[in-house]
Amino acid sequence: MLNLLKKPFIVLGAILNYVQTHFKTVVLLLIVAWIVVSQEEIKEPNLAIVKIEGEILNIDEILDTIEKAEENDQIKGVLLHVDSPGGALAPSIELSLAVKRLAEKKPVVAYAAGSMTSGSYYASIWSNYIIANPGAFIGSIGVLFQAPNVAELAKKLGISEQIITAGEYKQMGTFTREWTPKEKEALKGLIGDAYDLFVKDVATARGLNLAKPDEFANAQVFIASKALNVHLIDEIGSAQEAKKRVEALANVAHPVWEKPDPMDKWMKKLESTTKLPLLNLTGYLK
């Protein structure tokens, strides 16, 4: 019985004695094992992912990510992962111009994961290649301006408005009364100019016939297969196939993708669950 109790300590002593005797060898083996196991982790990423998700309004974080990918010479290619219904006109154009600058320096593949419509399609048009999930919605190349008319409600509540303006169109787009015919005409011209800009940029970026905008624009939303027929996208495939396309265009022998910081990922998830609905009356790409 005593011998049985001693046996584990004898074995442990033998191990400790071996480690002490061959300390350098053991340390070397541990270092080699660590290098083999963590080889992928210690490699510098050479491919990046930029995500455009949700409503396009505040784009500072996305622009920062694009700029970092553009300036980092180690990054050889970028996947633009898109799932957004669009948003405000100016931020969408700002994203589009940023993607254009990026694509001039390194290959960019846009992947339509769910919705690549309106402003998010505008943001993606200068990518070198566009791939869409088979069930993705593409297009919605159009512009919308809307505002409620609360005049009747204000009247019922006994609320009246006092305002002094200089300039005939200063109250154009107000929601406190019905718009005048001249205001409606002016708004129509404004939206028409924005629409022409949108269509022209899409046609230029995608090599489409600007003389036939109804074939690809007119605010139509296409399923991926029909978007392919009108050349709004280049291929139908999966997110994995989009990654492979980036790797091929970037011509990297050993692709290593950037991984999101776990803390940032958790914070974004927390933010998305606590965010309140936002009502924006400034107009949208649609």
# chains A, B, ... in the order shown; residues from 1 in each chain; ligands from 1
>>> residues_around(residues="Asp83 in chain A", least_positions_apart="2", cutoff="7 Å", atoms="only C-alpha atoms", output="compact mmCIF listing (two decimals) with all heavy atoms, in the first residue's frame")
# COMPACT_ATOMS: atom_id res chain seq x y z
N ILE A 52 -20.48 47.47 -44.58
CA ILE A 52 -21.49 48.52 -44.68
C ILE A 52 -22.82 47.86 -44.33
O ILE A 52 -23.37 47.11 -45.12
CB ILE A 52 -21.54 49.13 -46.09
CG1 ILE A 52 -20.20 49.78 -46.45
CG2 ILE A 52 -22.66 50.16 -46.19
CD1 ILE A 52 -20.14 50.35 -47.85
N GLU A 53 -23.29 48.14 -43.13
CA GLU A 53 -24.49 47.49 -42.63
C GLU A 53 -25.45 48.52 -42.06
O GLU A 53 -25.04 49.52 -41.48
CB GLU A 53 -24.13 46.47 -41.54
CG GLU A 53 -23.26 45.32 -42.04
CD GLU A 53 -22.84 44.37 -40.93
OE1 GLU A 53 -22.65 44.83 -39.80
OE2 GLU A 53 -22.69 43.17 -41.22
N GLY A 54 -26.75 48.25 -42.24
CA GLY A 54 -27.75 49.14 -41.68
C GLY A 54 -27.87 50.45 -42.46
O GLY A 54 -27.34 50.60 -43.56
N HIS A 81 -18.22 44.10 -47.52
CA HIS A 81 -19.36 43.25 -47.14
C HIS A 81 -20.57 44.16 -46.89
O HIS A 81 -20.58 44.94 -45.95
CB HIS A 81 -19.01 42.46 -45.88
CG HIS A 81 -20.00 41.40 -45.53
ND1 HIS A 81 -21.17 41.67 -44.86
CD2 HIS A 81 -20.00 40.06 -45.76
CE1 HIS A 81 -21.85 40.55 -44.68
NE2 HIS A 81 -21.16 39.56 -45.23
N ALA A 112 -22.79 41.46 -51.86
CA ALA A 112 -24.14 41.77 -51.40
C ALA A 112 -24.65 40.61 -50.58
O ALA A 112 -25.07 39.59 -51.11
CB ALA A 112 -25.05 42.03 -52.59
N ALA A 113 -24.61 40.76 -49.26
CA ALA A 113 -25.00 39.68 -48.37
C ALA A 113 -26.51 39.58 -48.21
O ALA A 113 -27.05 38.49 -48.00
CB ALA A 113 -24.35 39.86 -47.00
N GLY A 114 -27.19 40.73 -48.29
CA GLY A 114 -28.64 40.76 -48.13
C GLY A 114 -29.24 41.82 -49.02
O GLY A 114 -29.81 41.53 -50.06
N SER A 115 -29.05 43.08 -48.63
CA SER A 115 -29.50 44.21 -49.45
C SER A 115 -28.31 45.05 -49.88
O SER A 115 -27.50 45.46 -49.05
CB SER A 115 -30.48 45.09 -48.65
OG SER A 115 -31.70 44.43 -48.43
N MET A 116 -28.20 45.26 -51.17
CA MET A 116 -27.25 46.24 -51.71
C MET A 116 -28.11 47.16 -52.58
O MET A 116 -28.15 47.06 -53.80
CB MET A 116 -26.15 45.57 -52.53
CG MET A 116 -25.08 46.54 -53.03
SD MET A 116 -23.89 45.78 -54.16
CE MET A 116 -22.80 44.97 -52.99
>>> select_by_dssp(residues="range 64-148 of chain A", states="strand (DSSP E)", output="ChimeraX atom specification")
/A:77-84,108-117,129-132,137-139,143-144
>>> atom_distance(atom1="CA of Val256 in chain A", atom2="CA of Ser127 in chain A")
20.7 Å
>>> select_by_dssp(residues="range 75-258 of chain A", states="alpha helix (DSSP H)", output="PyMOL selection string")
chain A and resi 89-105+119-124+151-157+181-206+224-229+239-250
>>> closest_residue(among="A:Asp64, A:Lys156, A:Val82, A:Leu89", to="Leu197 in chain A", atoms="only C-alpha atoms")
A:Leu89
>>> closest_residue(among="A:Thr174, A:Ser225, A:Asn128, A:Gln162", to="Leu249 in chain A", atoms="only C-alpha atoms")
A:Asn128
>>> closest_residue(among="A:Gly142, A:Gly86, A:Gly189, A:Pro45", to="Pro213 in chain A", atoms="only C-alpha atoms")
A:Gly142
>>> closest_residue(among="A:Glu161, A:Glu247, A:Glu178, A:Asp60", to="Lys106 in chain A", atoms="only C-alpha atoms")
A:Glu247
>>> residues_around(residues="Ala123 in chain A", least_positions_apart="2", cutoff="8 Å", atoms="only C-alpha atoms", output="list in words")
Ser92, Ile93, Glu94, Leu95, Ser96, Leu97, Val99, Gly119, Ser120, Tyr121, Ile125 and Trp126 of chain A
>>> atom_distance(atom1="CA of Glu183 in chain A", atom2="CA of Ala88 in chain A")
21.0 Å
>>> residues_around(residues="Val252 in chain A", least_positions_apart="6", cutoff="9 Å", atoms="only C-alpha atoms", output="number ranges by chain")
A: 46-47, 76-77
>>> write_last_selection(atoms="C-alpha atoms", output="PDB file, in the first residue's frame")
ATOM      1  CA  ASN A  46      -2.790  40.946 -45.820  1.00  0.00           C
ATOM      2  CA  LEU A  47      -6.540  41.085 -46.572  1.00  0.00           C
ATOM      3  CA  LYS A  76      -3.303  43.754 -50.573  1.00  0.00           C
ATOM      4  CA  GLY A  77      -7.055  43.398 -51.099  1.00  0.00           C
TER       5      GLY A  77
END
>>> closest_residue(among="A:Thr176, A:Lys170, A:Asp201, A:Gly207", to="Asp234 in chain A", atoms="only C-alpha atoms")
A:Gly207
>>> residues_around(residues="Ser160 in chain A", least_positions_apart="5", cutoff="9 Å", atoms="only C-alpha atoms", output="ChimeraX atom specification")
/A:151,154-155
>>> write_last_selection(atoms="C-alpha atoms", output="PDB file, in the first residue's frame")
ATOM      1  CA  ALA A 151     -51.224  70.683 -40.255  1.00  0.00           C
ATOM      2  CA  ALA A 154     -51.730  70.825 -35.129  1.00  0.00           C
ATOM      3  CA  LYS A 155     -55.120  72.392 -35.813  1.00  0.00           C
TER       4      LYS A 155
END
>>> closest_residue(among="A:Lys51, A:Ser140, A:Leu232, A:Pro107", to="Arg245 in chain A", atoms="only C-alpha atoms")
A:Pro107
>>> residues_around(residues="Leu208 in chain A", least_positions_apart="4", cutoff="12 Å", atoms="only C-alpha atoms", output="ChimeraX atom specification")
/A:125,199-204,212-217,229-233
>>> write_last_selection(atoms="N, CA and C atoms", output="PDB file, in the first residue's frame")
ATOM      1  N   ILE A 125     -20.441  50.836 -56.196  1.00  0.00           N
ATOM      2  CA  ILE A 125     -20.323  50.763 -57.656  1.00  0.00           C
ATOM      3  C   ILE A 125     -18.884  50.809 -58.172  1.00  0.00           C
ATOM      4  N   VAL A 199     -27.745  58.046 -61.394  1.00  0.00           N
ATOM      5  CA  VAL A 199     -27.787  57.209 -62.596  1.00  0.00           C
ATOM      6  C   VAL A 199     -26.497  57.353 -63.406  1.00  0.00           C
ATOM      7  N   LYS A 200     -26.012  58.590 -63.529  1.00  0.00           N
ATOM      8  CA  LYS A 200     -24.788  58.832 -64.302  1.00  0.00           C
ATOM      9  C   LYS A 200     -23.596  58.112 -63.682  1.00  0.00           C
ATOM     10  N   ASP A 201     -23.470  58.181 -62.356  1.00  0.00           N
ATOM     11  CA  ASP A 201     -22.341  57.520 -61.688  1.00  0.00           C
ATOM     12  C   ASP A 201     -22.428  56.000 -61.819  1.00  0.00           C
ATOM     13  N   VAL A 202     -23.632  55.451 -61.697  1.00  0.00           N
ATOM     14  CA  VAL A 202     -23.801  54.004 -61.854  1.00  0.00           C
ATOM     15  C   VAL A 202     -23.438  53.581 -63.271  1.00  0.00           C
ATOM     16  N   ALA A 203     -23.945  54.322 -64.257  1.00  0.00           N
ATOM     17  CA  ALA A 203     -23.666  53.991 -65.651  1.00  0.00           C
ATOM     18  C   ALA A 203     -22.171  54.063 -65.954  1.00  0.00           C
ATOM     19  N   THR A 204     -21.520  55.082 -65.434  1.00  0.00           N
ATOM     20  CA  THR A 204     -20.076  55.248 -65.662  1.00  0.00           C
ATOM     21  C   THR A 204     -19.283  54.132 -64.995  1.00  0.00           C
ATOM     22  N   LYS A 212     -30.379  54.571 -71.632  1.00  0.00           N
ATOM     23  CA  LYS A 212     -31.469  53.647 -71.305  1.00  0.00           C
ATOM     24  C   LYS A 212     -31.496  53.363 -69.791  1.00  0.00           C
ATOM     25  N   PRO A 213     -31.739  54.377 -69.003  1.00  0.00           N
ATOM     26  CA  PRO A 213     -31.703  54.188 -67.544  1.00  0.00           C
ATOM     27  C   PRO A 213     -32.816  53.272 -67.018  1.00  0.00           C
ATOM     28  N   ASP A 214     -33.930  53.199 -67.738  1.00  0.00           N
ATOM     29  CA  ASP A 214     -35.033  52.365 -67.260  1.00  0.00           C
ATOM     30  C   ASP A 214     -34.676  50.887 -67.217  1.00  0.00           C
ATOM     31  N   GLU A 215     -33.624  50.502 -67.936  1.00  0.00           N
ATOM     32  CA  GLU A 215     -33.218  49.093 -67.942  1.00  0.00           C
ATOM     33  C   GLU A 215     -32.561  48.673 -66.631  1.00  0.00           C
ATOM     34  N   PHE A 216     -31.920  49.611 -65.949  1.00  0.00           N
ATOM     35  CA  PHE A 216     -31.194  49.248 -64.729  1.00  0.00           C
ATOM     36  C   PHE A 216     -31.522  50.127 -63.528  1.00  0.00           C
ATOM     37  N   ALA A 217     -32.181  51.257 -63.774  1.00  0.00           N
ATOM     38  CA  ALA A 217     -32.460  52.195 -62.676  1.00  0.00           C
ATOM     39  C   ALA A 217     -33.967  52.298 -62.428  1.00  0.00           C
ATOM     40  N   ASN A 229     -28.420  40.022 -64.995  1.00  0.00           N
ATOM     41  CA  ASN A 229     -28.845  40.195 -66.393  1.00  0.00           C
ATOM     42  C   ASN A 229     -28.707  41.637 -66.858  1.00  0.00           C
ATOM     43  N   VAL A 230     -28.893  42.582 -65.933  1.00  0.00           N
ATOM     44  CA  VAL A 230     -28.784  43.997 -66.322  1.00  0.00           C
ATOM     45  C   VAL A 230     -27.424  44.578 -65.939  1.00  0.00           C
ATOM     46  N   HIS A 231     -26.506  43.695 -65.539  1.00  0.00           N
ATOM     47  CA  HIS A 231     -25.096  44.057 -65.297  1.00  0.00           C
ATOM     48  C   HIS A 231     -24.876  44.980 -64.103  1.00  0.00           C
ATOM     49  N   LEU A 232     -25.764  44.917 -63.124  1.00  0.00           N
ATOM     50  CA  LEU A 232     -25.520  45.656 -61.886  1.00  0.00           C
ATOM     51  C   LEU A 232     -24.533  44.915 -60.997  1.00  0.00           C
ATOM     52  N   ILE A 233     -24.398  43.601 -61.200  1.00  0.00           N
ATOM     53  CA  ILE A 233     -23.408  42.791 -60.491  1.00  0.00           C
ATOM     54  C   ILE A 233     -22.645  41.954 -61.506  1.00  0.00           C
TER      55      ILE A 233
END
